[in-house]
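Student: Got a structure here, written out as structure tokens. Questions coming.
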Amino acid sequence: MSVTYQLFRGLPRTKVFLPASALLPCQQPQSHQAPASHRPASGRQHRRSYQMSSVLRSYILTPPQVNSILKANEYSFKVPEFDGKNVSSVMGFESNQLPANAPIEDRRSAATCLQTRGMLLSVFDGHAGCACAQALGERLFYYIAVSLLPHNTLCELEAAVESGRALSPILQWHKHPNDYFSREAQMLYFRSLRTYWQELIDLTSPGEVPDTREALLSAFKRLDNDISLEAQVGDPNAFLHYWVLRVAFSGATACVAHIDGSDLFIANAGDARAVLGVQEEDGSFTAHTLSNDHNAQNEDEVSRIRGEHPPSERKTVIRQDRLLGLLMPFRAFGDVKFKWGIELQKRVLESGPDQLHENEHTKFIPPNYHTPPYLTAEPEITYHKLRPQDRFLVIGSDGLWETLHRQEVVRIVGEYLTGVHQRQPLKVGGYRVTLGQMQGLLEERKARLSSAFEDQNVATHLMRHAVGNNEFGTVDHERLSKMLSLPEELARMYRDDITIIVAQFNPHVFGTQRPNEGS
């Protein structure tokens, strides 16, 4: 195994309620107005509003310029066929990213497990900087892959390292050309990973087959623990010392899919989301949500957090729909400011590099901080037995789901993949329109259908709708142009970073189950 890890140079948004001056170094200061996720809930309506300001009206892009921006980060992968047949349950996937932050704080990862079976797909949504999401994009799949290895294979890995022999690769990465490796942190990451598999060797027995659910749970928790430990210990190398602190003090949510034959597991920590596209007998598509958002809109999460802290903190542990009044997601990697005790935070900061002392975010102690930890990276794991009617999976950061309803997402993707458009009655909401305006809308829809497949990537096609949909639910080129041409200091006020992965399933692999079978 060549233990190399990828850093995504690619480009979403901060979710911690802090001034712009407190942003971590890998996020460039942009505007002194907090991004949409930092404002009270009513502020989000501003981003969804279709009333463009005079500033927005001054930016117009041509269709080729729009396409260039939308397609800049798209990626496609098709699973190879053998003897003219695709024996994998995943036919392939397509992904894309659109930044609002500069640099983008989201990451995406995709890989095939080589020493076990299955494919891994994931979206990571960073906040308070991009460092934590960047580290997850490089490391989490290795922790999952190692957790899935049987005892004997783990012993073979360790023996190869001990003897200095070359290691068999455990992952085949599927990367966008702009993705890159963090070569400086490679050995640090390898040492932590090796320590993990050494402990797994001690904890497992020969012939024991790892349970996928337990492997996902263990990988999430162990990596978050290693991120914390590396920051506490530091590193003699000044760059690495600063880097591990940046990773630990920023944060990221994660939504991971592991697909092996008809077995689909979703491990989610945070507010990214996985949705299954199910094709009904009439050809239409229905959304089946496979993950729960871990935020204030999830009553079970609110009850969980309040139950983990004394009654005296009931009114302070969640304020204004945020953890301690600050953090939107209730589960995340990193974010040690919500996990470490105050004395540990002070000790680590005092021994840290000078750059850290100049950063307001790291020195800031959350209010009403009495009984940490308040945050966990433990994932909620969902299992689904894939059926022939389960046609595709969409994993997206919350920038997608805040813009489009899950049923609309599934409809757009399903129509793109099948080439069949389910004509819906034209909806105009509460707007008053004349017959002439209605005729214009119908003609616009007809023209749009004729050019619906200008995108060669379904994630790009979905992104076009997410950013360009107008009040009538149709892509408006003028609106799309204005949204994509916003300067950095304004983009975060109107939308979030968007990351999308769409995996298409091979229904012939799932047998001949009837539509009402399965879970």
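We name chains A, B, ... following the order of the structure tokens; residues begin at 1 in each chain, and ligands are numbered from 1 as shown.
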Each residue of stretch 209-234 of chain A with at least one atom at most 9 Å from stretch 335-359 of chain A should appear once, together with its nearest atom pair and the corresponding distance in Å (one decimal); atoms considered: only C-alpha atoms; ordering: chain, then increasing residue number; output as JSON lines.

Tutor:
```
{"residue": "A:Ser228", "atom": "CA", "partner": "A:Val336", "partner_atom": "CA", "distance": 7.0}
{"residue": "A:Ala231", "atom": "CA", "partner": "A:Val348", "partner_atom": "CA", "distance": 7.7}
{"residue": "A:Gln232", "atom": "CA", "partner": "A:Val348", "partner_atom": "CA", "distance": 6.1}
{"residue": "A:Val233", "atom": "CA", "partner": "A:Val348", "partner_atom": "CA", "distance": 8.6}
{"residue": "A:Gly234", "atom": "CA", "partner": "A:Gly352", "partner_atom": "CA", "distance": 8.1}
```

Student: Go ahead and dump the residues you just picked, all heavy atoms, as a PDB file, in the first residue's frame.

Tutor:
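Now in part.pdb:
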```
ATOM      1  N   SER A 228      -7.773  15.123  17.149  1.00  0.00           N
ATOM      2  CA  SER A 228      -7.636  15.791  18.441  1.00  0.00           C
ATOM      3  C   SER A 228      -6.275  15.514  19.068  1.00  0.00           C
ATOM      4  O   SER A 228      -5.596  16.428  19.553  1.00  0.00           O
ATOM      5  CB  SER A 228      -8.757  15.321  19.377  1.00  0.00           C
ATOM      6  OG  SER A 228      -8.578  15.824  20.675  1.00  0.00           O
ATOM      7  N   ALA A 231      -3.285  17.289  17.416  1.00  0.00           N
ATOM      8  CA  ALA A 231      -3.216  18.706  17.763  1.00  0.00           C
ATOM      9  C   ALA A 231      -2.657  18.904  19.169  1.00  0.00           C
ATOM     10  O   ALA A 231      -1.939  19.875  19.434  1.00  0.00           O
ATOM     11  CB  ALA A 231      -4.605  19.333  17.643  1.00  0.00           C
ATOM     12  N   GLN A 232      -2.978  17.995  20.090  1.00  0.00           N
ATOM     13  CA  GLN A 232      -2.480  18.115  21.457  1.00  0.00           C
ATOM     14  C   GLN A 232      -0.980  17.836  21.539  1.00  0.00           C
ATOM     15  O   GLN A 232      -0.253  18.510  22.259  1.00  0.00           O
ATOM     16  CB  GLN A 232      -3.232  17.142  22.368  1.00  0.00           C
ATOM     17  CG  GLN A 232      -4.707  17.451  22.528  1.00  0.00           C
ATOM     18  CD  GLN A 232      -5.416  16.412  23.379  1.00  0.00           C
ATOM     19  OE1 GLN A 232      -4.952  16.048  24.458  1.00  0.00           O
ATOM     20  NE2 GLN A 232      -6.539  15.912  22.896  1.00  0.00           N
ATOM     21  N   VAL A 233      -0.522  16.838  20.771  1.00  0.00           N
ATOM     22  CA  VAL A 233       0.891  16.451  20.817  1.00  0.00           C
ATOM     23  C   VAL A 233       1.755  17.425  20.029  1.00  0.00           C
ATOM     24  O   VAL A 233       2.882  17.753  20.415  1.00  0.00           O
ATOM     25  CB  VAL A 233       1.060  15.018  20.279  1.00  0.00           C
ATOM     26  CG1 VAL A 233       2.535  14.659  20.157  1.00  0.00           C
ATOM     27  CG2 VAL A 233       0.320  14.032  21.177  1.00  0.00           C
ATOM     28  N   GLY A 234       1.223  17.934  18.905  1.00  0.00           N
ATOM     29  CA  GLY A 234       2.001  18.825  18.052  1.00  0.00           C
ATOM     30  C   GLY A 234       3.009  18.054  17.215  1.00  0.00           C
ATOM     31  O   GLY A 234       2.978  16.821  17.136  1.00  0.00           O
TER      32      GLY A 234
END
```

Student: Taking into account only C-alpha atoms, which residue in the set A:Gly396, A:Pro99, A:Pro150, A:Pro206 is nearest to A:Ala503?

Tutor: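 For A:Ala503, the nearest of the given residues is A:Gly396.
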
Student: In terms of the shortest atom-to-atom distance over only C-alpha atoms, which of A:Glu138, A:Asp455, A:Glu415, A:Asp202 is closest to A:Phe181?

Tutor: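 Of A:Glu138, A:Asp455, A:Glu415, A:Asp202, the one nearest A:Phe181, counting only C-alpha atoms, is A:Glu138.
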
Student: Mind the document's chain letters and residue numbers, and return as number ranges by chain the residues of stretch 71-136 of chain A that DSSP labels strand (DSSP E or B).

Tutor: A: 75-78, 82, 85, 90-98, 106-113, 119-127

Student: As a PyMOL selection string, please: the residues near A:Ser205 (cut-off 12 Å, only C-alpha atoms, same-chain neighbours under 6 positions excluded).

Tutor: chain A and resi 149-155+199

Student: Looking at only C-alpha atoms, which of A:Glu454, A:Asp390, A:Glu471, A:Glu488 is the one that sits closest to A:Pro64?

Tutor: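 Result for the nearest residue to A:Pro64: A:Glu454.
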
Student: Write out as a tab-separated table (two decimals) with N, CA and C atoms, in the first residue's frame which residues come within 10 Å of A:Ile60 when counting only C-alpha atoms, dropping same-chain ones fewer than 3 positions away.

Tutor:
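The result, stored in out38.tsv:
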```
chain	number	residue	atom	x	y	z
A	56	LEU	N	-26.48	43.34	-8.13
A	56	LEU	CA	-26.52	42.11	-8.91
A	56	LEU	C	-26.85	42.39	-10.36
A	57	ARG	N	-27.65	43.40	-10.63
A	57	ARG	CA	-28.07	43.66	-11.99
A	57	ARG	C	-26.92	44.06	-12.90
A	63	PRO	N	-23.88	32.73	-22.02
A	63	PRO	CA	-24.07	31.28	-21.81
A	63	PRO	C	-22.75	30.49	-21.83
A	65	GLN	N	-19.82	31.51	-20.90
A	65	GLN	CA	-19.13	31.82	-19.65
A	65	GLN	C	-19.79	31.09	-18.48
A	66	VAL	N	-21.12	31.03	-18.47
A	66	VAL	CA	-21.85	30.29	-17.44
A	66	VAL	C	-21.44	28.82	-17.46
A	477	HIS	N	-31.74	31.92	-17.25
A	477	HIS	CA	-30.34	32.21	-17.56
A	477	HIS	C	-29.87	33.52	-16.94
A	478	GLU	N	-30.73	34.52	-16.93
A	478	GLU	CA	-30.31	35.80	-16.37
A	478	GLU	C	-30.02	35.67	-14.88
A	479	ARG	N	-30.88	34.96	-14.18
A	479	ARG	CA	-30.63	34.74	-12.75
A	479	ARG	C	-29.37	33.92	-12.55
A	480	LEU	N	-29.20	32.85	-13.33
A	480	LEU	CA	-28.02	32.01	-13.23
A	480	LEU	C	-26.76	32.82	-13.46
A	481	SER	N	-26.79	33.67	-14.46
A	481	SER	CA	-25.64	34.50	-14.78
A	481	SER	C	-25.30	35.44	-13.62
A	482	LYS	N	-26.31	36.05	-13.05
A	482	LYS	CA	-26.08	36.99	-11.95
A	482	LYS	C	-25.52	36.28	-10.71
A	483	MET	N	-26.07	35.11	-10.41
A	483	MET	CA	-25.61	34.39	-9.23
A	483	MET	C	-24.17	33.92	-9.38
A	484	LEU	N	-23.77	33.54	-10.59
A	484	LEU	CA	-22.42	33.04	-10.82
A	484	LEU	C	-21.39	34.16	-10.95
A	485	SER	N	-21.84	35.36	-11.22
A	485	SER	CA	-20.91	36.47	-11.40
A	485	SER	C	-20.76	37.33	-10.14
A	486	LEU	N	-21.39	36.92	-9.05
A	486	LEU	CA	-21.27	37.68	-7.81
A	486	LEU	C	-19.82	37.71	-7.35
```

Student: Might you pull out every residue within 7 Å of A:Cys113, with only C-alpha atoms counted and same-chain residues fewer than 2 positions away left off, and present them as an MDAnalysis selection string?

Tutor: chainID A and resid 111 115:119 145 170:172

Student: Could you turn the residues from that selection into a file that holds all heavy atoms, as a compact mmCIF listing (two decimals), in the first residue's frame?

Tutor:
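Dumped everything to result-v4.txt:
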```
# COMPACT_ATOMS: atom_id res chain seq x y z
N ALA A 111 -13.68 6.42 -3.96
CA ALA A 111 -12.64 5.40 -4.07
C ALA A 111 -13.28 4.02 -4.10
O ALA A 111 -14.39 3.81 -3.59
CB ALA A 111 -11.65 5.50 -2.91
N GLN A 115 -8.91 -4.33 -1.30
CA GLN A 115 -8.66 -5.55 -0.54
C GLN A 115 -9.92 -6.12 0.08
O GLN A 115 -9.92 -7.23 0.60
CB GLN A 115 -7.60 -5.28 0.53
CG GLN A 115 -6.32 -4.75 -0.04
CD GLN A 115 -5.10 -5.41 0.57
OE1 GLN A 115 -5.20 -6.38 1.30
NE2 GLN A 115 -3.94 -4.87 0.25
N THR A 116 -10.98 -5.35 0.07
CA THR A 116 -12.30 -5.88 0.40
C THR A 116 -13.16 -5.66 -0.83
O THR A 116 -12.69 -5.81 -1.95
CB THR A 116 -12.88 -5.19 1.64
OG1 THR A 116 -12.87 -3.77 1.45
CG2 THR A 116 -12.07 -5.52 2.88
N ARG A 117 -14.40 -5.31 -0.66
CA ARG A 117 -15.24 -5.02 -1.81
C ARG A 117 -15.98 -3.71 -1.55
O ARG A 117 -16.07 -3.25 -0.43
CB ARG A 117 -16.26 -6.14 -2.05
CG ARG A 117 -15.65 -7.51 -2.27
CD ARG A 117 -16.68 -8.50 -2.79
NE ARG A 117 -17.94 -8.42 -2.03
CZ ARG A 117 -19.06 -9.04 -2.40
NH1 ARG A 117 -19.10 -9.74 -3.50
NH2 ARG A 117 -20.15 -8.95 -1.66
N GLY A 118 -16.53 -3.16 -2.61
CA GLY A 118 -17.38 -2.00 -2.45
C GLY A 118 -16.74 -0.71 -2.90
O GLY A 118 -15.53 -0.62 -3.13
N MET A 119 -17.59 0.31 -3.02
CA MET A 119 -17.18 1.65 -3.40
C MET A 119 -17.56 2.62 -2.30
O MET A 119 -18.61 2.48 -1.67
CB MET A 119 -17.83 2.05 -4.73
CG MET A 119 -17.51 3.47 -5.17
SD MET A 119 -18.16 3.87 -6.81
CE MET A 119 -16.96 3.01 -7.84
N ALA A 145 -11.45 1.75 5.19
CA ALA A 145 -10.92 0.57 4.50
C ALA A 145 -10.16 -0.34 5.46
O ALA A 145 -10.31 -1.57 5.41
CB ALA A 145 -10.01 1.00 3.35
N ILE A 170 -4.82 -0.43 -0.79
CA ILE A 170 -6.13 -0.80 -0.26
C ILE A 170 -7.25 0.05 -0.87
O ILE A 170 -8.42 -0.28 -0.69
CB ILE A 170 -6.18 -0.71 1.28
CG1 ILE A 170 -5.89 0.71 1.75
CG2 ILE A 170 -5.20 -1.69 1.90
CD1 ILE A 170 -6.03 0.88 3.26
N LEU A 171 -6.88 1.13 -1.55
CA LEU A 171 -7.88 2.00 -2.18
C LEU A 171 -7.43 2.38 -3.58
O LEU A 171 -6.24 2.61 -3.81
CB LEU A 171 -8.09 3.28 -1.37
CG LEU A 171 -8.81 3.19 -0.03
CD1 LEU A 171 -8.78 4.56 0.66
CD2 LEU A 171 -10.25 2.71 -0.20
N GLN A 172 -8.39 2.46 -4.48
CA GLN A 172 -8.18 3.08 -5.78
C GLN A 172 -8.98 4.37 -5.80
O GLN A 172 -10.21 4.36 -5.81
CB GLN A 172 -8.65 2.17 -6.92
CG GLN A 172 -8.50 2.82 -8.29
CD GLN A 172 -9.16 2.01 -9.40
OE1 GLN A 172 -9.67 0.93 -9.16
NE2 GLN A 172 -9.15 2.54 -10.61
```

Student: Once DSSP has gone over the backbone, tell me which residues of stretch 93-180 of chain A are in helix (DSSP H, G or I), as JSON, numbers by chain.

Tutor: {"A": [131, 132, 133, 134, 135, 136, 137, 138, 139, 140, 141, 142, 143, 144, 145, 146, 147, 148, 151, 152, 153, 154, 155, 156, 157, 158, 159, 160, 161, 162, 163]}

Student: What would the file look like if the residues just selected were written as a CSV table (one decimal), in the first residue's frame with N, CA and C atoms?

Tutor:
```
chain,number,residue,atom,x,y,z
A,131,ALA,N,-9.5,23.4,6.4
A,131,ALA,CA,-8.5,22.5,6.8
A,131,ALA,C,-9.1,21.1,7.2
A,132,CYS,N,-10.1,21.1,8.1
A,132,CYS,CA,-10.6,19.8,8.6
A,132,CYS,C,-11.3,19.0,7.4
A,133,ALA,N,-12.0,19.7,6.6
A,133,ALA,CA,-12.6,19.0,5.4
A,133,ALA,C,-11.6,18.4,4.5
A,134,GLN,N,-10.5,19.2,4.4
A,134,GLN,CA,-9.4,18.8,3.5
A,134,GLN,C,-8.7,17.5,4.1
A,135,ALA,N,-8.5,17.5,5.4
A,135,ALA,CA,-7.9,16.3,6.0
A,135,ALA,C,-8.9,15.1,5.9
A,136,LEU,N,-10.2,15.3,6.1
A,136,LEU,CA,-11.1,14.2,6.0
A,136,LEU,C,-11.1,13.6,4.6
A,137,GLY,N,-11.0,14.5,3.6
A,137,GLY,CA,-11.0,14.0,2.2
A,137,GLY,C,-9.8,13.1,1.9
A,138,GLU,N,-8.7,13.3,2.6
A,138,GLU,CA,-7.5,12.4,2.5
A,138,GLU,C,-7.6,11.2,3.3
A,139,ARG,N,-8.2,11.3,4.5
A,139,ARG,CA,-7.9,10.2,5.5
A,139,ARG,C,-9.0,9.3,5.8
A,140,LEU,N,-10.3,9.8,5.8
A,140,LEU,CA,-11.4,9.0,6.3
A,140,LEU,C,-11.6,7.6,5.6
A,141,PHE,N,-11.4,7.6,4.3
A,141,PHE,CA,-11.6,6.4,3.5
A,141,PHE,C,-10.5,5.4,3.9
A,142,TYR,N,-9.3,5.8,4.2
A,142,TYR,CA,-8.3,4.8,4.7
A,142,TYR,C,-8.7,4.2,6.0
A,143,TYR,N,-9.2,5.0,6.9
A,143,TYR,CA,-9.7,4.5,8.2
A,143,TYR,C,-10.8,3.5,8.0
A,144,ILE,N,-11.7,3.8,7.1
A,144,ILE,CA,-12.9,2.9,6.8
A,144,ILE,C,-12.3,1.6,6.2
A,145,ALA,N,-11.4,1.7,5.2
A,145,ALA,CA,-10.9,0.6,4.5
A,145,ALA,C,-10.2,-0.3,5.5
A,146,VAL,N,-9.4,0.2,6.3
A,146,VAL,CA,-8.6,-0.6,7.3
A,146,VAL,C,-9.6,-1.2,8.3
A,147,SER,N,-10.7,-0.5,8.7
A,147,SER,CA,-11.7,-1.1,9.6
A,147,SER,C,-12.4,-2.3,9.0
A,148,LEU,N,-12.4,-2.3,7.7
A,148,LEU,CA,-13.1,-3.4,7.0
A,148,LEU,C,-12.2,-4.6,6.7
A,151,HIS,N,-8.7,-9.9,10.0
A,151,HIS,CA,-7.5,-9.9,10.9
A,151,HIS,C,-6.2,-10.3,10.1
A,152,ASN,N,-6.3,-11.4,9.3
A,152,ASN,CA,-5.1,-11.8,8.6
A,152,ASN,C,-4.5,-10.8,7.6
A,153,THR,N,-5.4,-10.0,7.0
A,153,THR,CA,-4.9,-9.0,6.1
A,153,THR,C,-4.2,-7.9,6.8
A,154,LEU,N,-4.8,-7.5,8.0
A,154,LEU,CA,-4.1,-6.5,8.9
A,154,LEU,C,-2.7,-7.0,9.3
A,155,CYS,N,-2.6,-8.3,9.6
A,155,CYS,CA,-1.3,-8.8,10.0
A,155,CYS,C,-0.3,-8.7,8.8
A,156,GLU,N,-0.8,-9.0,7.6
A,156,GLU,CA,0.0,-8.9,6.4
A,156,GLU,C,0.5,-7.5,6.2
A,157,LEU,N,-0.3,-6.5,6.4
A,157,LEU,CA,0.1,-5.1,6.3
A,157,LEU,C,1.2,-4.8,7.3
A,158,GLU,N,1.0,-5.2,8.5
A,158,GLU,CA,2.0,-4.9,9.6
A,158,GLU,C,3.3,-5.6,9.3
A,159,ALA,N,3.2,-6.8,8.8
A,159,ALA,CA,4.5,-7.5,8.5
A,159,ALA,C,5.2,-6.9,7.4
A,160,ALA,N,4.5,-6.4,6.4
A,160,ALA,CA,5.2,-5.7,5.3
A,160,ALA,C,5.9,-4.4,5.7
A,161,VAL,N,5.2,-3.7,6.6
A,161,VAL,CA,5.9,-2.5,7.1
A,161,VAL,C,7.1,-2.8,7.9
A,162,GLU,N,7.0,-3.8,8.8
A,162,GLU,CA,8.1,-4.2,9.6
A,162,GLU,C,9.3,-4.7,8.8
A,163,SER,N,9.1,-5.4,7.6
A,163,SER,CA,10.1,-5.9,6.8
A,163,SER,C,10.6,-4.9,5.7
```

Student: Pick the closest to A:Glu281 from A:Leu404, A:Pro388, A:Thr434, A:Gly419: which is it, counting only C-alpha atoms?

Tutor: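 Closest to A:Glu281, using only C-alpha atoms: A:Pro388.
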
Student: Do you know which residues are at most 6 Å from A:Gly92 counting only C-alpha atoms, after dropping those on the same chain fewer than 2 positions away, and could you put them as a PyMOL selection string?

Tutor: chain A and resi 77-79+90+503-504

Student: Could you please take those selected residues and save N, CA and C atoms as a PDB file, in the first residue's frame?

Tutor:
```pdb
ATOM      1  N   PHE A  77     -16.890   9.172 -13.600  1.00  0.00           N
ATOM      2  CA  PHE A  77     -16.196   7.888 -13.549  1.00  0.00           C
ATOM      3  C   PHE A  77     -17.177   6.787 -13.914  1.00  0.00           C
ATOM      4  N   LYS A  78     -16.787   5.943 -14.855  1.00  0.00           N
ATOM      5  CA  LYS A  78     -17.595   4.806 -15.259  1.00  0.00           C
ATOM      6  C   LYS A  78     -16.880   3.540 -14.844  1.00  0.00           C
ATOM      7  N   VAL A  79     -17.595   2.662 -14.125  1.00  0.00           N
ATOM      8  CA  VAL A  79     -16.999   1.404 -13.683  1.00  0.00           C
ATOM      9  C   VAL A  79     -16.728   0.528 -14.905  1.00  0.00           C
ATOM     10  N   VAL A  90     -22.625  -0.547  -8.976  1.00  0.00           N
ATOM     11  CA  VAL A  90     -22.516   0.869  -9.333  1.00  0.00           C
ATOM     12  C   VAL A  90     -21.998   0.968 -10.760  1.00  0.00           C
ATOM     13  N   ALA A 503     -24.486   8.823  -7.950  1.00  0.00           N
ATOM     14  CA  ALA A 503     -24.071   7.471  -8.328  1.00  0.00           C
ATOM     15  C   ALA A 503     -25.250   6.763  -8.983  1.00  0.00           C
ATOM     16  N   GLN A 504     -24.990   6.138 -10.130  1.00  0.00           N
ATOM     17  CA  GLN A 504     -26.042   5.434 -10.855  1.00  0.00           C
ATOM     18  C   GLN A 504     -25.889   3.929 -10.629  1.00  0.00           C
TER      19      GLN A 504
END
```

Student: I need the residue nearest A:Ser218 from this list: A:Ala274, A:Ala377, A:Ile365, A:Ala100. Use only C-alpha atoms for the distance.

Tutor: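 Closest residue, counting only C-alpha atoms: A:Ala377.
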
Student: Go through A:Phe333, A:Tyr494, A:Tyr383, A:Phe239 and flag the residue nearest A:Arg222, using only C-alpha atoms for the distances.

Tutor: A:Phe333
